[in-house]
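Enquirer: Below you will find the structure I want to go over with you.
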Amino acid sequence: MIVTTKKLFEAAYGKYAIGAYNINNLEQTMGLFQGNLDSQAPFIVQLSRGARSYTDSAMLEAMIRGADEVFPEAIFAVHLDHGDEKTAMDCINSGFYSSVMIDASHAPFDENIAITKRVVDAAHAKGIVVEAELGKLGGVEEDISVDESDAKLTNPDEAKEFVERTGCDSLACAIGTSHGAFKFTGTQGLRFDVLADIQERLPNYPLVMHGSSSVPQDEVARINAAGGELKGAKGVDADQFKRAAELGVAKINIDTDGRLVWMRVHREHFKENPEIFDLRPSGKVFMAEYAKYIVGKNEKLGSAGQLEAVRKFLG
Ligand code: G3H
Ligand code: 13P
Ligand code: ZN
C-alpha cells in the first residue's frame, strides 16, 4: 500500500526513523520489499533522477506497482530523491509519487525558498508532500560535486524561517554527513549539537538525514579481496541512528551501502564461478543478500517490527 511520507513520519517521529532506500532495478526492488516484510518495517522507496533515466521511469514505476501486488502487506511511500524543479513537477503530475524532494540547496537562500514554494504549492494541491533541503552536504550527488570544504551545515535559525516561508513537509539538513562511500575524510562526525538546535526551533517537525550509509568495513574488505579498489572508504556509525531519531530525524537516506552489497555479491560470484554465464544465479544471491541487508538496517533505524503499529495508525 502506497502512503505519503507525512503519515509515516507522524507514526515514527521521535521514536525511530523510516529507512529511505534508492532502487534502480528489478533485483533491488524484490530484495527491498522482501527485506522490509521480513523485518516487518514500513519504508520509503526512493528514485533519483539518475535511476529514472537508467532505463525509463515508466519501467521503474511499473516494477514498484508490481511489487505492491506481489507483497500486498507492504506499507511504503514512493519518493523522488533530489529532484530539480522540472522533475519534481513531472512526478507531481504523474499521479504515482506520494512524495517528492525538491533540492535547490545549491541556490542562494531566497532562491531556494522561491523554488521550493512553487513545488510545495503544486504538490499540496494534489495531496503530495514535499521534502526540501537547506545546507550543503559534501560528496557527489547526481551531477553536482560539492567539495568537503564547501559543505555548509544547516543554520538552525534559517531552517525555521525556511520551513515557515515554504510550507515544506520535511527538511533535509546538513549535519556532517556526505553522499557516497568516502565520508568523514577529516575529523568530522555527526553534529548532534546542530540537530538539537534545529529541533528546538522546529519541534515535532520531521527532519531528514541524507548521506547515511555506514560503508561497513567487512563489506569493503570483501569487495577489495575480490578485485575491488575501495581504499579508505568509510561511513556513518549506524548505532547513531536512534539518537538522531530522538532529535527529530524521521527519514534516513541510504543508497551507497546497497550498491556495496551488489558489488560484493557480483565480484565474489564471478570470481568463484568463472564458468557460469547464466545471469540468474548471481541475481538470486543478490536478492537474498539485499533482503538481509535491509533487515539489518531496519534494526538500526528502529523501524523493524513497526509495520502492524503503522497499519493501525493509518486506520
Ligand atoms: O544522493 C544520491 C543518491 O545516492 C542517488 O544516487 O543519483 O547516482 O542515483 P544517483
Ligand atoms: P549514501 O550515499 O550515504 O547512501 O546517501 C544516500 C542519499 O542521501 C540519497 O539521497
Ligand atoms: Zn541524498
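Starting from 1 in every chain, residues are counted up; chains themselves are A, B, ... following the order of the C-alpha cells, and ligands are numbered from 1 as listed.
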Find the spatial neighbours of region 67-81 of chain A, counting only C-alpha atoms, within a cut-off of 6 Å - ignore same-chain residues fewer than 4 positions away - and output them as a ChimeraX atom specification.

Expert: /A:1-5,42-48,97-101

Enquirer: Selected residues, all heavy atoms, written as a compact mmCIF listing (two decimals), in the first residue's frame, please.

Expert:
# COMPACT_ATOMS: atom_id res chain seq x y z
N MET A 1 0.84 -1.19 0.00
CA MET A 1 0.00 0.00 0.00
C MET A 1 0.89 1.26 0.00
O MET A 1 1.79 1.38 0.83
CB MET A 1 -0.87 -0.02 1.27
CG MET A 1 -1.71 1.23 1.42
SD MET A 1 -2.83 1.24 2.84
CE MET A 1 -1.92 0.48 4.15
N ILE A 2 0.61 2.14 -0.95
CA ILE A 2 1.41 3.36 -1.03
C ILE A 2 0.77 4.45 -0.17
O ILE A 2 -0.43 4.71 -0.27
CB ILE A 2 1.51 3.85 -2.49
CG1 ILE A 2 2.20 2.77 -3.36
CG2 ILE A 2 2.28 5.16 -2.57
CD1 ILE A 2 2.27 3.09 -4.84
N VAL A 3 1.57 5.04 0.70
CA VAL A 3 1.09 6.12 1.58
C VAL A 3 2.03 7.31 1.44
O VAL A 3 3.09 7.20 0.81
CB VAL A 3 1.05 5.66 3.07
CG1 VAL A 3 0.09 4.51 3.25
CG2 VAL A 3 2.44 5.25 3.56
N THR A 4 1.67 8.45 2.04
CA THR A 4 2.59 9.58 1.99
C THR A 4 3.67 9.44 3.07
O THR A 4 3.44 8.78 4.09
CB THR A 4 1.87 10.94 2.23
OG1 THR A 4 1.34 10.93 3.55
CG2 THR A 4 0.80 11.20 1.21
N THR A 5 4.81 10.08 2.83
CA THR A 5 5.85 10.07 3.86
C THR A 5 5.34 10.77 5.12
O THR A 5 5.72 10.42 6.23
CB THR A 5 7.12 10.79 3.36
OG1 THR A 5 6.74 12.03 2.76
CG2 THR A 5 7.88 9.95 2.36
N PRO A 42 7.80 -0.45 7.92
CA PRO A 42 7.37 0.48 6.88
C PRO A 42 8.63 1.06 6.24
O PRO A 42 9.68 1.09 6.88
CB PRO A 42 6.61 1.55 7.68
CG PRO A 42 7.26 1.52 9.03
CD PRO A 42 7.72 0.12 9.27
N PHE A 43 8.54 1.55 5.02
CA PHE A 43 9.75 2.05 4.36
C PHE A 43 9.43 3.05 3.26
O PHE A 43 8.25 3.24 2.92
CB PHE A 43 10.59 0.89 3.80
CG PHE A 43 9.90 0.06 2.74
CD1 PHE A 43 10.24 0.19 1.40
CD2 PHE A 43 8.92 -0.87 3.08
CE1 PHE A 43 9.61 -0.58 0.41
CE2 PHE A 43 8.28 -1.64 2.10
CZ PHE A 43 8.63 -1.50 0.78
N ILE A 44 10.47 3.66 2.73
CA ILE A 44 10.32 4.60 1.62
C ILE A 44 11.16 4.10 0.46
O ILE A 44 12.35 3.80 0.63
CB ILE A 44 10.78 6.02 2.05
CG1 ILE A 44 9.89 6.54 3.20
CG2 ILE A 44 10.75 6.98 0.86
CD1 ILE A 44 10.44 7.77 3.90
N VAL A 45 10.53 3.98 -0.71
CA VAL A 45 11.27 3.63 -1.93
C VAL A 45 11.61 4.95 -2.58
O VAL A 45 10.70 5.75 -2.86
CB VAL A 45 10.39 2.88 -2.96
CG1 VAL A 45 11.22 2.40 -4.13
CG2 VAL A 45 9.64 1.75 -2.31
N GLN A 46 12.87 5.22 -2.82
CA GLN A 46 13.15 6.49 -3.47
C GLN A 46 13.89 6.31 -4.78
O GLN A 46 14.75 5.46 -4.94
CB GLN A 46 13.80 7.50 -2.55
CG GLN A 46 15.05 7.09 -1.85
CD GLN A 46 15.52 8.19 -0.90
OE1 GLN A 46 14.77 9.09 -0.51
NE2 GLN A 46 16.77 8.15 -0.53
N LEU A 47 13.48 7.18 -5.72
CA LEU A 47 14.02 7.11 -7.08
C LEU A 47 14.74 8.43 -7.37
O LEU A 47 14.14 9.50 -7.25
CB LEU A 47 12.87 6.94 -8.09
CG LEU A 47 11.88 5.79 -7.78
CD1 LEU A 47 10.77 5.76 -8.82
CD2 LEU A 47 12.61 4.46 -7.76
N SER A 48 15.99 8.32 -7.74
CA SER A 48 16.74 9.53 -8.10
C SER A 48 16.48 9.85 -9.57
O SER A 48 15.94 9.01 -10.31
CB SER A 48 18.23 9.31 -7.88
OG SER A 48 18.72 8.38 -8.84
N TYR A 97 3.76 9.29 -7.55
CA TYR A 97 4.60 9.57 -6.37
C TYR A 97 3.74 10.11 -5.24
O TYR A 97 2.87 10.95 -5.46
CB TYR A 97 5.68 10.59 -6.73
CG TYR A 97 6.69 10.04 -7.71
CD1 TYR A 97 6.34 9.88 -9.05
CD2 TYR A 97 7.94 9.64 -7.30
CE1 TYR A 97 7.24 9.34 -9.95
CE2 TYR A 97 8.84 9.11 -8.19
CZ TYR A 97 8.49 8.96 -9.52
OH TYR A 97 9.37 8.42 -10.41
N SER A 98 4.01 9.63 -4.01
CA SER A 98 3.27 10.17 -2.87
C SER A 98 4.08 11.28 -2.20
O SER A 98 3.58 11.98 -1.33
CB SER A 98 2.95 9.07 -1.85
OG SER A 98 4.12 8.42 -1.41
N SER A 99 5.31 11.45 -2.65
CA SER A 99 6.20 12.41 -2.01
C SER A 99 7.32 12.79 -2.98
O SER A 99 7.81 11.93 -3.71
CB SER A 99 6.77 11.72 -0.76
OG SER A 99 7.80 12.43 -0.18
N VAL A 100 7.70 14.05 -2.99
CA VAL A 100 8.83 14.45 -3.84
C VAL A 100 9.82 15.27 -3.03
O VAL A 100 9.45 15.96 -2.08
CB VAL A 100 8.39 15.30 -5.07
CG1 VAL A 100 7.50 14.49 -6.01
CG2 VAL A 100 7.71 16.60 -4.66
N MET A 101 11.08 15.21 -3.45
CA MET A 101 12.07 16.10 -2.87
C MET A 101 12.41 17.16 -3.90
O MET A 101 12.68 16.84 -5.06
CB MET A 101 13.35 15.34 -2.51
CG MET A 101 14.43 16.27 -1.98
SD MET A 101 15.96 15.40 -1.59
CE MET A 101 16.85 16.72 -0.77

Enquirer: As JSON, numbers by chain, please: every residue in region 28-207 of chain A that a backbone DSSP assignment puts in strand (DSSP E or B).

Expert: {"A": [43, 44, 45, 46, 47, 48, 76, 77, 78, 79, 80, 81, 82, 83, 99, 100, 101, 102, 129, 130, 131, 132, 133, 134, 136, 138, 139, 140, 141, 144, 145, 146, 152, 170, 171, 172, 173, 178, 182, 207]}

Enquirer: Excluding Gln28 (chain A) and any residue of its chain fewer than 2 positions from it, enumerate the residues within 9 Å of it, using only C-alpha atoms, and give them as a PyMOL selection string.

Expert: chain A and resi 22-26+30-33+258+262+286-287+290-291

Enquirer: Can you spit out the residues from that selection as a tab-separated table (two decimals), in the first residue's frame, using all heavy atoms?

Expert:
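Output (again15.tsv):
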chain	number	residue	atom	x	y	z
A	22	ASN	N	17.20	3.83	-2.06
A	22	ASN	CA	17.17	4.07	-3.51
A	22	ASN	C	17.17	2.75	-4.26
A	22	ASN	O	17.90	1.82	-3.88
A	22	ASN	CB	18.41	4.85	-3.94
A	22	ASN	CG	18.44	6.25	-3.37
A	22	ASN	OD1	18.54	6.44	-2.16
A	22	ASN	ND2	18.34	7.24	-4.22
A	23	ILE	N	16.38	2.68	-5.32
A	23	ILE	CA	16.44	1.49	-6.17
A	23	ILE	C	16.62	1.89	-7.64
A	23	ILE	O	16.27	3.00	-8.05
A	23	ILE	CB	15.18	0.60	-6.04
A	23	ILE	CG1	13.91	1.40	-6.36
A	23	ILE	CG2	15.09	-0.04	-4.67
A	23	ILE	CD1	12.74	0.52	-6.72
A	24	ASN	N	17.17	0.96	-8.38
A	24	ASN	CA	17.43	1.18	-9.80
A	24	ASN	C	16.96	0.05	-10.70
A	24	ASN	O	16.84	0.22	-11.90
A	24	ASN	CB	18.95	1.34	-10.05
A	24	ASN	CG	19.50	2.58	-9.38
A	24	ASN	OD1	19.53	3.65	-9.97
A	24	ASN	ND2	19.92	2.46	-8.12
A	25	ASN	N	16.78	-1.15	-10.11
A	25	ASN	CA	16.48	-2.29	-10.98
A	25	ASN	C	15.56	-3.30	-10.29
A	25	ASN	O	15.17	-3.14	-9.13
A	25	ASN	CB	17.77	-2.96	-11.48
A	25	ASN	CG	18.56	-3.62	-10.36
A	25	ASN	OD1	18.07	-3.79	-9.24
A	25	ASN	ND2	19.77	-4.02	-10.66
A	26	LEU	N	15.24	-4.33	-11.00
A	26	LEU	CA	14.30	-5.35	-10.52
A	26	LEU	C	14.80	-6.08	-9.27
A	26	LEU	O	14.05	-6.29	-8.32
A	26	LEU	CB	14.06	-6.37	-11.64
A	26	LEU	CG	13.24	-7.59	-11.25
A	26	LEU	CD1	11.80	-7.19	-11.00
A	26	LEU	CD2	13.32	-8.66	-12.32
A	30	MET	N	12.92	-6.29	-5.64
A	30	MET	CA	12.49	-7.52	-4.97
A	30	MET	C	13.13	-7.65	-3.58
A	30	MET	O	12.47	-7.96	-2.59
A	30	MET	CB	12.84	-8.75	-5.81
A	30	MET	CG	12.01	-8.90	-7.07
A	30	MET	SD	10.24	-9.07	-6.74
A	30	MET	CE	10.18	-10.74	-6.08
A	31	GLY	N	14.44	-7.42	-3.52
A	31	GLY	CA	15.15	-7.54	-2.24
A	31	GLY	C	14.65	-6.53	-1.22
A	31	GLY	O	14.52	-6.83	-0.03
A	32	LEU	N	14.34	-5.33	-1.70
A	32	LEU	CA	13.87	-4.26	-0.81
A	32	LEU	C	12.53	-4.63	-0.17
A	32	LEU	O	12.37	-4.54	1.06
A	32	LEU	CB	13.71	-2.96	-1.62
A	32	LEU	CG	13.14	-1.77	-0.86
A	32	LEU	CD1	14.13	-1.30	0.20
A	32	LEU	CD2	12.81	-0.63	-1.81
A	33	PHE	N	11.59	-5.05	-0.98
A	33	PHE	CA	10.27	-5.40	-0.45
A	33	PHE	C	10.36	-6.64	0.46
A	33	PHE	O	9.77	-6.68	1.54
A	33	PHE	CB	9.25	-5.62	-1.59
A	33	PHE	CG	8.67	-4.34	-2.10
A	33	PHE	CD1	9.42	-3.47	-2.87
A	33	PHE	CD2	7.37	-3.96	-1.78
A	33	PHE	CE1	8.91	-2.26	-3.32
A	33	PHE	CE2	6.84	-2.76	-2.23
A	33	PHE	CZ	7.60	-1.92	-3.01
A	258	GLY	N	23.73	-0.24	-0.26
A	258	GLY	CA	23.06	-1.20	-1.14
A	258	GLY	C	23.91	-1.48	-2.38
A	258	GLY	O	23.95	-2.60	-2.89
A	262	TRP	N	25.65	-5.11	-3.79
A	262	TRP	CA	25.65	-5.53	-5.21
A	262	TRP	C	27.09	-5.84	-5.65
A	262	TRP	O	27.37	-6.88	-6.26
A	262	TRP	CB	25.05	-4.43	-6.09
A	262	TRP	CG	24.83	-4.86	-7.51
A	262	TRP	CD1	23.69	-5.37	-8.03
A	262	TRP	CD2	25.79	-4.83	-8.58
A	262	TRP	NE1	23.87	-5.67	-9.36
A	262	TRP	CE2	25.14	-5.35	-9.72
A	262	TRP	CE3	27.11	-4.43	-8.69
A	262	TRP	CZ2	25.78	-5.47	-10.96
A	262	TRP	CZ3	27.75	-4.55	-9.92
A	262	TRP	CH2	27.08	-5.07	-11.03
A	286	PHE	N	22.00	-12.09	-4.99
A	286	PHE	CA	21.91	-10.66	-4.67
A	286	PHE	C	20.58	-10.34	-3.98
A	286	PHE	O	20.55	-9.63	-2.97
A	286	PHE	CB	22.08	-9.80	-5.93
A	286	PHE	CG	21.80	-8.34	-5.65
A	286	PHE	CD1	22.69	-7.59	-4.90
A	286	PHE	CD2	20.63	-7.74	-6.07
A	286	PHE	CE1	22.42	-6.26	-4.59
A	286	PHE	CE2	20.34	-6.42	-5.78
A	286	PHE	CZ	21.24	-5.68	-5.04
A	287	MET	N	19.47	-10.83	-4.52
A	287	MET	CA	18.16	-10.51	-3.93
A	287	MET	C	18.10	-10.96	-2.46
A	287	MET	O	17.61	-10.23	-1.60
A	287	MET	CB	17.03	-11.14	-4.74
A	287	MET	CG	16.79	-10.43	-6.06
A	287	MET	SD	15.35	-11.05	-6.95
A	287	MET	CE	16.01	-12.47	-7.78
A	290	TYR	N	20.44	-8.75	-0.41
A	290	TYR	CA	19.89	-7.39	-0.29
A	290	TYR	C	18.78	-7.38	0.76
A	290	TYR	O	18.69	-6.45	1.58
A	290	TYR	CB	19.36	-6.92	-1.65
A	290	TYR	CG	19.19	-5.42	-1.74
A	290	TYR	CD1	20.28	-4.59	-2.01
A	290	TYR	CD2	17.96	-4.82	-1.55
A	290	TYR	CE1	20.14	-3.21	-2.10
A	290	TYR	CE2	17.80	-3.45	-1.63
A	290	TYR	CZ	18.89	-2.65	-1.90
A	290	TYR	OH	18.75	-1.28	-1.97
A	291	ALA	N	17.95	-8.41	0.75
A	291	ALA	CA	16.87	-8.50	1.75
A	291	ALA	C	17.48	-8.57	3.16
A	291	ALA	O	17.02	-7.90	4.09
A	291	ALA	CB	15.99	-9.72	1.48

Enquirer: Please list as a PDB file with N, CA, C and O atoms, in the first residue's frame every residue within 7 Å of region 237-243 of chain A, counting only C-alpha atoms and excluding residues in the same chain fewer than 5 positions away.

Expert:
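Okay, this is what ended up in part_36.pdb:
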ATOM      1  N   TYR A  16      11.620   6.393  16.129  1.00  0.00           N
ATOM      2  CA  TYR A  16      12.513   5.684  15.211  1.00  0.00           C
ATOM      3  C   TYR A  16      12.530   6.428  13.873  1.00  0.00           C
ATOM      4  O   TYR A  16      11.753   7.388  13.692  1.00  0.00           O
ATOM      5  N   SER A 214      26.656   3.385   6.006  1.00  0.00           N
ATOM      6  CA  SER A 214      27.673   3.077   7.022  1.00  0.00           C
ATOM      7  C   SER A 214      28.983   2.585   6.413  1.00  0.00           C
ATOM      8  O   SER A 214      29.998   2.521   7.107  1.00  0.00           O
ATOM      9  N   LYS A 300      18.727  -1.153  13.007  1.00  0.00           N
ATOM     10  CA  LYS A 300      19.459   0.037  13.452  1.00  0.00           C
ATOM     11  C   LYS A 300      18.578   1.284  13.450  1.00  0.00           C
ATOM     12  O   LYS A 300      18.723   2.168  14.294  1.00  0.00           O
ATOM     13  N   LEU A 301      17.658   1.353  12.485  1.00  0.00           N
ATOM     14  CA  LEU A 301      16.771   2.522  12.381  1.00  0.00           C
ATOM     15  C   LEU A 301      15.673   2.490  13.444  1.00  0.00           C
ATOM     16  O   LEU A 301      15.077   3.525  13.749  1.00  0.00           O
ATOM     17  N   GLY A 302      15.399   1.286  13.947  1.00  0.00           N
ATOM     18  CA  GLY A 302      14.297   1.127  14.901  1.00  0.00           C
ATOM     19  C   GLY A 302      12.963   0.903  14.200  1.00  0.00           C
ATOM     20  O   GLY A 302      11.919   0.789  14.857  1.00  0.00           O
TER      21      GLY A 302
END

Enquirer: If I take atom 7 (C, counted along the ligand's line) of ligand 2 and CA of Ala309 (chain A), how far is one from the other in Å, to one decimal?

Expert: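 CA of Ala309 (chain A) lies at a distance of 26.6 Å from atom 7 (C, counted along the ligand's line) of ligand 2.
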
Enquirer: Given only C-alpha atoms as the basis, pick out the residue of A:Phe182, A:Phe313, A:Phe192, A:Tyr205 nearest to Gly167 (chain A).

Expert: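 Ranked by minimum distance to Gly167 (chain A), first place goes to A:Tyr205.
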
Enquirer: Counting only C-alpha atoms, which residue out of A:Ile223, A:Cys173, A:Met209, A:Ala288 sits closest to Ile252 (chain A)?

Expert: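 Counting only C-alpha atoms, the residue closest to Ile252 (chain A) is A:Met209.
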
Enquirer: Hey, which bits of chain A sit within 7 Å of ligand 3, and for each residue what's the closest pair of atoms and how far apart in Å (one decimal), counting only C-alpha atoms and all ligand atoms, rows by chain and increasing number, as CSV?

Expert:
residue,atom,partner,partner_atom_place_in_ligand_line,distance
A:Asp81,CA,ligand 3,1 (Zn),6.9
A:His82,CA,ligand 3,1 (Zn),6.4
A:Glu141,CA,ligand 3,1 (Zn),6.8
A:His179,CA,ligand 3,1 (Zn),6.3
A:His210,CA,ligand 3,1 (Zn),4.4
A:Gly211,CA,ligand 3,1 (Zn),5.5
A:Asn253,CA,ligand 3,1 (Zn),6.3

Enquirer: What lies within 6 Å of region 132-137 of chain A using only C-alpha atoms, ignoring chain neighbours under 2 positions off, as a list in words?

Expert: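 Within the cut-off, the hits are Met101, Ile102, Asp103, Ser105, Ala151, Lys152, Leu153, Thr154, Leu171, Ala172, Cys173, Ala174 and Ser178 of chain A.
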
Enquirer: Generate a file of the selected residues that holds all heavy atoms, formatted as a PDB file, in the first residue's frame.

Expert:
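Listing of out30.pdb after writing:
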ATOM      1  N   MET A 101      11.077  15.205  -3.447  1.00  0.00           N
ATOM      2  CA  MET A 101      12.071  16.102  -2.870  1.00  0.00           C
ATOM      3  C   MET A 101      12.415  17.164  -3.903  1.00  0.00           C
ATOM      4  O   MET A 101      12.678  16.838  -5.061  1.00  0.00           O
ATOM      5  CB  MET A 101      13.354  15.341  -2.510  1.00  0.00           C
ATOM      6  CG  MET A 101      14.430  16.270  -1.982  1.00  0.00           C
ATOM      7  SD  MET A 101      15.956  15.405  -1.590  1.00  0.00           S
ATOM      8  CE  MET A 101      16.851  16.717  -0.770  1.00  0.00           C
ATOM      9  N   ILE A 102      12.378  18.421  -3.482  1.00  0.00           N
ATOM     10  CA  ILE A 102      12.950  19.471  -4.319  1.00  0.00           C
ATOM     11  C   ILE A 102      14.254  19.872  -3.654  1.00  0.00           C
ATOM     12  O   ILE A 102      14.260  20.273  -2.482  1.00  0.00           O
ATOM     13  CB  ILE A 102      11.999  20.694  -4.506  1.00  0.00           C
ATOM     14  CG1 ILE A 102      12.726  21.850  -5.195  1.00  0.00           C
ATOM     15  CG2 ILE A 102      11.360  21.149  -3.211  1.00  0.00           C
ATOM     16  CD1 ILE A 102      13.132  21.593  -6.610  1.00  0.00           C
ATOM     17  N   ASP A 103      15.336  19.704  -4.370  1.00  0.00           N
ATOM     18  CA  ASP A 103      16.648  20.032  -3.814  1.00  0.00           C
ATOM     19  C   ASP A 103      17.203  21.245  -4.545  1.00  0.00           C
ATOM     20  O   ASP A 103      17.818  21.128  -5.596  1.00  0.00           O
ATOM     21  CB  ASP A 103      17.596  18.836  -3.949  1.00  0.00           C
ATOM     22  CG  ASP A 103      18.983  19.149  -3.394  1.00  0.00           C
ATOM     23  OD1 ASP A 103      19.189  20.286  -2.907  1.00  0.00           O
ATOM     24  OD2 ASP A 103      19.851  18.264  -3.450  1.00  0.00           O
ATOM     25  N   SER A 105      19.190  23.279  -2.802  1.00  0.00           N
ATOM     26  CA  SER A 105      20.117  23.691  -1.739  1.00  0.00           C
ATOM     27  C   SER A 105      21.364  24.376  -2.285  1.00  0.00           C
ATOM     28  O   SER A 105      22.073  25.057  -1.549  1.00  0.00           O
ATOM     29  CB  SER A 105      20.518  22.481  -0.890  1.00  0.00           C
ATOM     30  OG  SER A 105      21.118  21.495  -1.699  1.00  0.00           O
ATOM     31  N   ALA A 151      31.071  22.195   1.916  1.00  0.00           N
ATOM     32  CA  ALA A 151      29.852  21.682   2.549  1.00  0.00           C
ATOM     33  C   ALA A 151      29.477  22.644   3.673  1.00  0.00           C
ATOM     34  O   ALA A 151      30.320  23.072   4.455  1.00  0.00           O
ATOM     35  CB  ALA A 151      30.096  20.285   3.090  1.00  0.00           C
ATOM     36  N   LYS A 152      28.200  22.992   3.760  1.00  0.00           N
ATOM     37  CA  LYS A 152      27.772  24.022   4.711  1.00  0.00           C
ATOM     38  C   LYS A 152      26.677  23.436   5.583  1.00  0.00           C
ATOM     39  O   LYS A 152      25.655  22.992   5.088  1.00  0.00           O
ATOM     40  CB  LYS A 152      27.243  25.214   3.896  1.00  0.00           C
ATOM     41  CG  LYS A 152      26.939  26.452   4.672  1.00  0.00           C
ATOM     42  CD  LYS A 152      26.553  27.559   3.677  1.00  0.00           C
ATOM     43  CE  LYS A 152      25.651  28.592   4.302  1.00  0.00           C
ATOM     44  NZ  LYS A 152      24.360  28.107   4.785  1.00  0.00           N
ATOM     45  N   LEU A 153      26.922  23.407   6.875  1.00  0.00           N
ATOM     46  CA  LEU A 153      25.927  22.849   7.780  1.00  0.00           C
ATOM     47  C   LEU A 153      24.678  23.740   7.791  1.00  0.00           C
ATOM     48  O   LEU A 153      24.766  24.950   7.579  1.00  0.00           O
ATOM     49  CB  LEU A 153      26.498  22.735   9.194  1.00  0.00           C
ATOM     50  CG  LEU A 153      27.736  21.839   9.342  1.00  0.00           C
ATOM     51  CD1 LEU A 153      28.130  21.733  10.818  1.00  0.00           C
ATOM     52  CD2 LEU A 153      27.498  20.461   8.760  1.00  0.00           C
ATOM     53  N   THR A 154      23.529  23.129   8.063  1.00  0.00           N
ATOM     54  CA  THR A 154      22.272  23.878   8.103  1.00  0.00           C
ATOM     55  C   THR A 154      22.270  24.829   9.294  1.00  0.00           C
ATOM     56  O   THR A 154      22.598  24.432  10.418  1.00  0.00           O
ATOM     57  CB  THR A 154      21.087  22.896   8.215  1.00  0.00           C
ATOM     58  OG1 THR A 154      21.169  21.994   7.112  1.00  0.00           O
ATOM     59  CG2 THR A 154      19.756  23.613   8.180  1.00  0.00           C
ATOM     60  N   LEU A 171      12.375  18.482   6.157  1.00  0.00           N
ATOM     61  CA  LEU A 171      13.569  19.230   5.738  1.00  0.00           C
ATOM     62  C   LEU A 171      14.830  18.387   5.873  1.00  0.00           C
ATOM     63  O   LEU A 171      15.128  17.865   6.951  1.00  0.00           O
ATOM     64  CB  LEU A 171      13.714  20.501   6.594  1.00  0.00           C
ATOM     65  CG  LEU A 171      14.835  21.444   6.152  1.00  0.00           C
ATOM     66  CD1 LEU A 171      14.525  22.071   4.794  1.00  0.00           C
ATOM     67  CD2 LEU A 171      15.067  22.535   7.192  1.00  0.00           C
ATOM     68  N   ALA A 172      15.542  18.261   4.759  1.00  0.00           N
ATOM     69  CA  ALA A 172      16.849  17.598   4.776  1.00  0.00           C
ATOM     70  C   ALA A 172      17.881  18.598   5.270  1.00  0.00           C
ATOM     71  O   ALA A 172      17.991  19.705   4.743  1.00  0.00           O
ATOM     72  CB  ALA A 172      17.213  17.115   3.371  1.00  0.00           C
ATOM     73  N   CYS A 173      18.594  18.211   6.319  1.00  0.00           N
ATOM     74  CA  CYS A 173      19.560  19.116   6.945  1.00  0.00           C
ATOM     75  C   CYS A 173      20.970  18.573   6.774  1.00  0.00           C
ATOM     76  O   CYS A 173      21.189  17.360   6.840  1.00  0.00           O
ATOM     77  CB  CYS A 173      19.280  19.226   8.439  1.00  0.00           C
ATOM     78  SG  CYS A 173      17.658  19.902   8.794  1.00  0.00           S
ATOM     79  N   ALA A 174      21.912  19.471   6.589  1.00  0.00           N
ATOM     80  CA  ALA A 174      23.319  19.075   6.520  1.00  0.00           C
ATOM     81  C   ALA A 174      23.866  19.107   7.941  1.00  0.00           C
ATOM     82  O   ALA A 174      23.980  20.172   8.559  1.00  0.00           O
ATOM     83  CB  ALA A 174      24.087  20.030   5.618  1.00  0.00           C
ATOM     84  N   SER A 178      27.924  13.050   4.251  1.00  0.00           N
ATOM     85  CA  SER A 178      28.115  13.333   2.825  1.00  0.00           C
ATOM     86  C   SER A 178      27.676  12.111   2.026  1.00  0.00           C
ATOM     87  O   SER A 178      27.611  11.008   2.570  1.00  0.00           O
ATOM     88  CB  SER A 178      29.582  13.665   2.540  1.00  0.00           C
ATOM     89  OG  SER A 178      30.406  12.599   2.941  1.00  0.00           O
TER      90      SER A 178
END

Enquirer: CA of Ile115 (chain A) and CA of Glu85 (chain A) are how many Å apart?

Expert: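 Atom-to-atom, CA of Ile115 (chain A) to CA of Glu85 (chain A), that is 7.0 Å.
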
Enquirer: Residues of region 147-314 of chain A classed as alpha helix (DSSP H) by DSSP on the backbone are to be reported as an MDAnalysis selection string.

Expert: chainID A and resid 156:166 192:201 217:225 241:246 256:272 280:301 307:314

Enquirer: Could you tell me how far atom 2 (C, counted along the ligand's line) of ligand 1 lies from CA of Asn112 (chain A), in Å and to one decimal?

Expert: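 So the answer is 18.8 Å.
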
Enquirer: Fewer than 5 positions away in the same chain doesn't count, so skip those; otherwise give me all residues within 6 Å of Gly248 (chain A), counting only C-alpha atoms, as a ChimeraX atom specification.

Expert: /A:14,206-207

Enquirer: Excluding region 266-276 of chain A and its own-chain neighbours fewer than 4 positions away, which residues fall within 10 Å of it when counting only C-alpha atoms? Please give them as a PyMOL selection string.

Expert: chain A and resi 222-228+260-262+280-283+285-286

Enquirer: For Ala20 (chain A), which residue out of A:Ile175, A:Val163, A:Leu8, A:Ala123 is the nearest one, using only C-alpha atoms?

Expert: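 The answer is A:Leu8, which sits nearest to Ala20 (chain A).
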
Enquirer: Nearest residue to ligand 2 out of A:Lys312, A:Gly19, A:Ala244, A:Ala41, using only C-alpha atoms and all ligand atoms?

Expert: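 The answer is A:Gly19, which sits nearest to ligand 2.
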
Enquirer: Looking at A:Ser170, A:Thr55, A:Thr87, A:Ser39, which one is nearest to Lys251 (chain A), with distances taken over only C-alpha atoms?

Expert: A:Ser170
